[in-house]
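Chemist: First the structure, then my questions, so here it is.
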Amino acid sequence: NEAAVAASTTCSLLYLQEPSNKRVRPLARVTSLANLISPVRNGAVRRFGQTIQSFTLRGDSKSPSCAQKACSRSAAPTPPKRRNSVLWSEMLDVNMKESLSTKEIKRQEAIYEMSRGEQDLIEDLKLARKAYHDPMLKLSIMSEEELTHIFGDLDSYIPLHEDLLASLGEATKPDGTVEQIGPILVKWLPRLHAYKGYCSNQLAAKALLDQKKQDRRVQDFLQRCLESPFSRKLDLWSFLDIPRSRLVKYPLLLKEILRHTPKDHPDIQILEEAITIIQGVLSDINLKKGESECQYYIDKLEYLDEKQKDPRIEGSKALLCHGELKNKNGHKLYVFLFQDILVLTRPVTRNERQSYQVYRQPIPVQELLLEDLQDGDVKMGGSFRGAFGNSDKAKNIFRVRFQDPCPGQSHTLQANDIFHKQQWVNCIRTA
């Protein structure tokens with residue numbers, strides 16, 4: 001449901017940056033295309049501005065429609081199919097391989113990897129339409145409006161990637177090598193700005209999909225697809241997230257090609273230009289996505305008192321971090337740190353939709369005082385009883401309050417663990 005979208009333990013949503021090899025889930029900063037992959041909710045902070053984690057999707061290009069061949073829900077899941085992963089060098093004859101340097105072979109491997117990735121992406125985009133969108137529309141499992149909201153304009157991106165694939169094909173010589181790829185990329189990469197709308201809509205699309213999964217017909221259809229060979233054990237959201245995953249991989253691919261390109265090769269400077277272009281594209285997408293997701297949460301705020309409304313909330317363009325914390329009574333709060341104001345809320349569900357009821361008076365960051373409390377500073381005389389059970393001292397706590405004591409509002413908050421507490425403290429201090 002929508003809460004799952006909101007509460008990734010990593011405070012990260014938006015920045016399209018290159019994925020780290022470390023499996024670390026940091027907070028979520030508001031400038032990142034980041035963390036839309038299967039967010040979980042366990043009371044952590046989420047900070048916008050981290051990396052978008054990517055993954056490579058490989059599998060068979062054959063994709064029978066789920067509507068054509070339904071699998072029994074009781075049947076064991078089919079092992080995931082893999083696309084044939086053949087290295088470029090494995091397709092060369094012995095004489096050709098001996099005529100190329102090791103560095104040139106690695107360069108051609110990197111170029112081939114980019115080409116194969118485009119082919120895989122095109123196949124998966126077509127699969128999303130053929131095996132999911134069209135059958136659900138035909139069977140009236142979802143309305144056309146709902147499907148459009150979830151799938152976006154995926155079809156429009158297929159020709160975009162087909163154009164790059166065609167250009168790479170034209171640049172490939174009969175012996176399978178590509179002399180120059182830089183000019184092709186410099187011309188093509190700016191077209192990726194077309195993904196601004198798609199990436200900006202991902203949070204809302206994921207929330208709607210999770211909501212629709214409560215419908216038994218939707219749940220049954222998606223389960224049958226998951227058990228079918230074409231899915232490669234990937235759920236629908238994995239397919240819808242493939243474009244974002246591909247976007248963050250371009251800088252890595254370009255740097256790999258550049259790394260194996262000789263210093264005197266005419267591609268050197270052009271590839272450096274291409275890397276600058278793709279970083280600019282991702283930065284623009286991140287900015288747009290950050291604004292969109294900030295507005296998404298603003299629209300879900302509910303006010304019990306008109307006095308709680310603050311123009312600094314409605315005017316926010318960046319959400320610095322957000323996540324679940326507990327107050328001293330052990331009640332769960334969902335806290336948003338916008339660029340200029342801290343808003344504490346209580347998550348509520350209305351008509352199967354997640355909303356956030358504003359709790360007490362929002363605290364402008366210019367009027368906010370932060371206290372980093374040590375474990376045991378808050379004793380168990382009723383404080384944190386619900387949060388800590390039999391524990392005799394409160395852990396991972398900090399306090400926020402108005403600098404001016406007149407408003408009389410102070411909130412002692414407990415994070416899930418020391419890691420998330422420190423992320424909250426650092427994020428608030430930075431603000």
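Going by the structure tokens order, chains are called A, B, ..., each with residues numbered from 1, while ligands are numbered from 1 in the order shown.
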Glu118 (chain A): which residues within 8 Å, counting only C-alpha atoms, same-chain residues fewer than 5 positions away excluded, as an NGL selection string?
Modeler: :A and (161-162 or 164-165)
Chemist: Residues of region 136-167 of chain A that approach region 217-233 of chain A to 10 Å or less, counting only C-alpha atoms: could you list each one with the shortest pair of atoms and its distance in Å to one decimal, rows by chain and increasing residue number, as CSV?
Modeler:
residue,atom,partner,partner_atom,distance
A:Met136,CA,A:Phe221,CA,8.1
A:Leu139,CA,A:Arg217,CA,9.9
A:Ser140,CA,A:Arg217,CA,9.7
A:Ile141,CA,A:Val218,CA,6.2
A:Met142,CA,A:Val218,CA,7.7
Chemist: To one decimal place, how far is CA of Gln409 (chain A) from CA of Arg360 (chain A) in Å?
Modeler: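 Separating CA of Gln409 (chain A) from CA of Arg360 (chain A) is a distance of 7.9 Å.
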Chemist: Would you kindly return, as a list in words, each protein, DNA or RNA residue with an atom no farther than 12 Å from any atom of Glu314 (chain A), considering only C-alpha atoms and excluding same-chain residues fewer than 3 positions away?
Modeler: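 Here the qualifying residues turn out to be Glu291, Cys294, Gln295, Tyr296, Tyr297, Ile298, Asp299, Lys300, Leu301, Gln308, Lys309, Asp310, Pro311, Lys317, Ala318, Leu319, Phe338, Gln339, Asp340, Ile341 and Val343 of chain A.
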Chemist: Measuring atom to atom with only C-alpha atoms, identify which of A:Ser167, A:Thr148, A:Gln108, A:Thr345 is nearest to Ala204 (chain A).
Modeler: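 Among the listed residues, A:Thr148 lies closest to Ala204 (chain A).
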Chemist: Could you find all residues in region 289-398 of chain A that DSSP calls helix (DSSP H, G or I) from the backbone, and write them as a list of chain:residue names?
Modeler: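 Selection result, helix (DSSP H, G or I) within region 289-398 of chain A: A:Lys289, A:Gly290, A:Glu291, A:Ser292, A:Glu293, A:Cys294, A:Gln295, A:Tyr296, A:Tyr297, A:Ile298, A:Glu306, A:Lys307, A:Gln308, A:Pro311, A:Arg312, A:Ile313, A:Glu314, A:Val365, A:Gln366, A:Glu367, A:Arg385, A:Gly386, A:Ala387, A:Phe388.
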Chemist: Taking the DSSP secondary structure from the backbone, can you list the residues of region 227-370 of chain A that are strand (DSSP E), as JSON, numbers by chain?
Modeler: {"A": [301, 302, 319, 320, 321, 322, 323, 324, 325, 326, 332, 333, 334, 335, 336, 337, 338, 341, 342, 343, 344, 345, 346, 347, 348, 349, 350, 353, 354, 355, 356, 357, 358, 363, 364, 368, 369, 370]}
Chemist: Only N, CA and C atoms, please: the residues just picked out, written as an mmCIF file, in the first residue's frame.
Modeler:
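Final output, saved to result_4.cif:
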data_model
loop_
_atom_site.group_PDB
_atom_site.id
_atom_site.type_symbol
_atom_site.label_atom_id
_atom_site.label_comp_id
_atom_site.auth_asym_id
_atom_site.auth_seq_id
_atom_site.Cartn_x
_atom_site.Cartn_y
_atom_site.Cartn_z
ATOM 1 N N LEU A 301 -1.234 15.450 3.403
ATOM 2 C CA LEU A 301 -1.329 15.962 4.765
ATOM 3 C C LEU A 301 -2.765 16.371 5.081
ATOM 4 N N GLU A 302 -3.211 16.040 6.292
ATOM 5 C CA GLU A 302 -4.527 16.456 6.771
ATOM 6 C C GLU A 302 -4.333 17.307 8.029
ATOM 7 N N LEU A 319 11.995 17.697 0.023
ATOM 8 C CA LEU A 319 11.749 16.928 1.241
ATOM 9 C C LEU A 319 13.080 16.329 1.658
ATOM 10 N N LEU A 320 13.669 16.855 2.724
ATOM 11 C CA LEU A 320 15.026 16.477 3.090
ATOM 12 C C LEU A 320 15.097 15.072 3.675
ATOM 13 N N CYS A 321 14.128 14.722 4.507
ATOM 14 C CA CYS A 321 14.048 13.344 4.981
ATOM 15 C C CYS A 321 12.669 13.096 5.575
ATOM 16 N N HIS A 322 12.305 11.846 5.673
ATOM 17 C CA HIS A 322 11.020 11.471 6.245
ATOM 18 C C HIS A 322 11.066 10.031 6.695
ATOM 19 N N GLY A 323 10.244 9.692 7.660
ATOM 20 C CA GLY A 323 10.229 8.323 8.136
ATOM 21 C C GLY A 323 9.469 8.199 9.442
ATOM 22 N N GLU A 324 9.438 6.983 9.959
ATOM 23 C CA GLU A 324 8.657 6.659 11.149
ATOM 24 C C GLU A 324 9.500 6.784 12.411
ATOM 25 N N LEU A 325 8.953 7.447 13.405
ATOM 26 C CA LEU A 325 9.576 7.562 14.721
ATOM 27 C C LEU A 325 8.500 7.307 15.772
ATOM 28 N N LYS A 326 8.918 7.086 17.027
ATOM 29 C CA LYS A 326 7.959 6.924 18.119
ATOM 30 C C LYS A 326 8.096 8.099 19.091
ATOM 31 N N LYS A 332 3.384 5.647 17.210
ATOM 32 C CA LYS A 332 4.120 5.827 15.961
ATOM 33 C C LYS A 332 3.725 7.142 15.296
ATOM 34 N N LEU A 333 4.730 7.913 14.953
ATOM 35 C CA LEU A 333 4.526 9.143 14.198
ATOM 36 C C LEU A 333 5.266 9.016 12.876
ATOM 37 N N TYR A 334 4.771 9.731 11.877
ATOM 38 C CA TYR A 334 5.505 9.793 10.609
ATOM 39 C C TYR A 334 5.943 11.240 10.452
ATOM 40 N N VAL A 335 7.252 11.441 10.381
ATOM 41 C CA VAL A 335 7.825 12.777 10.446
ATOM 42 C C VAL A 335 8.401 13.183 9.096
ATOM 43 N N PHE A 336 8.100 14.408 8.693
ATOM 44 C CA PHE A 336 8.612 14.966 7.434
ATOM 45 C C PHE A 336 9.477 16.180 7.745
ATOM 46 N N LEU A 337 10.680 16.184 7.229
ATOM 47 C CA LEU A 337 11.523 17.376 7.311
ATOM 48 C C LEU A 337 11.591 17.998 5.921
ATOM 49 N N PHE A 338 10.731 18.994 5.698
ATOM 50 C CA PHE A 338 10.807 19.746 4.450
ATOM 51 C C PHE A 338 11.954 20.741 4.554
ATOM 52 N N ILE A 341 10.701 23.424 7.226
ATOM 53 C CA ILE A 341 9.792 23.158 8.337
ATOM 54 C C ILE A 341 9.709 21.659 8.650
ATOM 55 N N LEU A 342 9.611 21.338 9.938
ATOM 56 C CA LEU A 342 9.475 19.956 10.402
ATOM 57 C C LEU A 342 8.009 19.696 10.732
ATOM 58 N N VAL A 343 7.450 18.616 10.177
ATOM 59 C CA VAL A 343 6.032 18.311 10.357
ATOM 60 C C VAL A 343 5.896 16.900 10.925
ATOM 61 N N LEU A 344 5.290 16.793 12.101
ATOM 62 C CA LEU A 344 5.021 15.496 12.712
ATOM 63 C C LEU A 344 3.583 15.106 12.383
ATOM 64 N N THR A 345 3.382 13.868 12.004
ATOM 65 C CA THR A 345 2.050 13.413 11.608
ATOM 66 C C THR A 345 1.745 12.034 12.183
ATOM 67 N N ARG A 346 0.462 11.688 12.120
ATOM 68 C CA ARG A 346 0.017 10.338 12.439
ATOM 69 C C ARG A 346 -0.508 9.704 11.159
ATOM 70 N N PRO A 347 0.024 8.556 10.754
ATOM 71 C CA PRO A 347 -0.486 7.891 9.541
ATOM 72 C C PRO A 347 -1.919 7.420 9.750
ATOM 73 N N VAL A 348 -2.782 7.705 8.802
ATOM 74 C CA VAL A 348 -4.170 7.248 8.858
ATOM 75 C C VAL A 348 -4.558 6.689 7.501
ATOM 76 N N THR A 349 -5.509 5.784 7.491
ATOM 77 C CA THR A 349 -5.987 5.193 6.248
ATOM 78 C C THR A 349 -7.448 5.551 6.069
ATOM 79 N N ARG A 350 -7.760 6.141 4.927
ATOM 80 C CA ARG A 350 -9.138 6.513 4.629
ATOM 81 C C ARG A 350 -9.493 5.978 3.241
ATOM 82 N N ARG A 353 -6.746 4.522 1.358
ATOM 83 C CA ARG A 353 -5.700 5.449 0.936
ATOM 84 C C ARG A 353 -4.965 5.984 2.159
ATOM 85 N N GLN A 354 -3.643 6.014 2.059
ATOM 86 C CA GLN A 354 -2.829 6.493 3.166
ATOM 87 C C GLN A 354 -2.818 8.014 3.201
ATOM 88 N N SER A 355 -3.041 8.567 4.383
ATOM 89 C CA SER A 355 -2.920 10.003 4.591
ATOM 90 C C SER A 355 -2.098 10.234 5.850
ATOM 91 N N TYR A 356 -1.732 11.508 6.076
ATOM 92 C CA TYR A 356 -0.903 11.847 7.224
ATOM 93 C C TYR A 356 -1.550 13.011 7.967
ATOM 94 N N GLN A 357 -2.062 12.719 9.172
ATOM 95 C CA GLN A 357 -2.762 13.710 9.976
ATOM 96 C C GLN A 357 -1.732 14.497 10.784
ATOM 97 N N VAL A 358 -1.675 15.802 10.539
ATOM 98 C CA VAL A 358 -0.670 16.635 11.196
ATOM 99 C C VAL A 358 -0.876 16.618 12.708
ATOM 100 N N ILE A 363 7.094 22.772 13.165
ATOM 101 C CA ILE A 363 8.176 23.604 13.696
ATOM 102 C C ILE A 363 9.053 24.108 12.554
ATOM 103 N N PRO A 364 9.052 25.401 12.250
ATOM 104 C CA PRO A 364 9.957 25.938 11.224
ATOM 105 C C PRO A 364 11.406 25.676 11.627
ATOM 106 N N LEU A 368 13.663 25.903 15.337
ATOM 107 C CA LEU A 368 13.777 24.553 15.879
ATOM 108 C C LEU A 368 15.044 24.391 16.711
ATOM 109 N N LEU A 369 14.897 23.761 17.849
ATOM 110 C CA LEU A 369 16.033 23.412 18.691
ATOM 111 C C LEU A 369 16.134 21.893 18.750
ATOM 112 N N LEU A 370 17.311 21.367 18.465
ATOM 113 C CA LEU A 370 17.543 19.924 18.452
ATOM 114 C C LEU A 370 18.413 19.540 19.644
#
Chemist: Excluding Leu253 (chain A) and residues on its chain fewer than 5 positions from it, collect all residues at most 10 Å away from it, counting only C-alpha atoms, and give them as a ChimeraX atom specification.
Modeler: /A:110-111,113-114,117,248,258-259,275
Chemist: Between CA of Glu256 (chain A) and CA of Gly182 (chain A), measure the distance and give it in Å to one decimal.
Modeler: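 Going from CA of Glu256 (chain A) over to CA of Gly182 (chain A), I get 12.8 Å.
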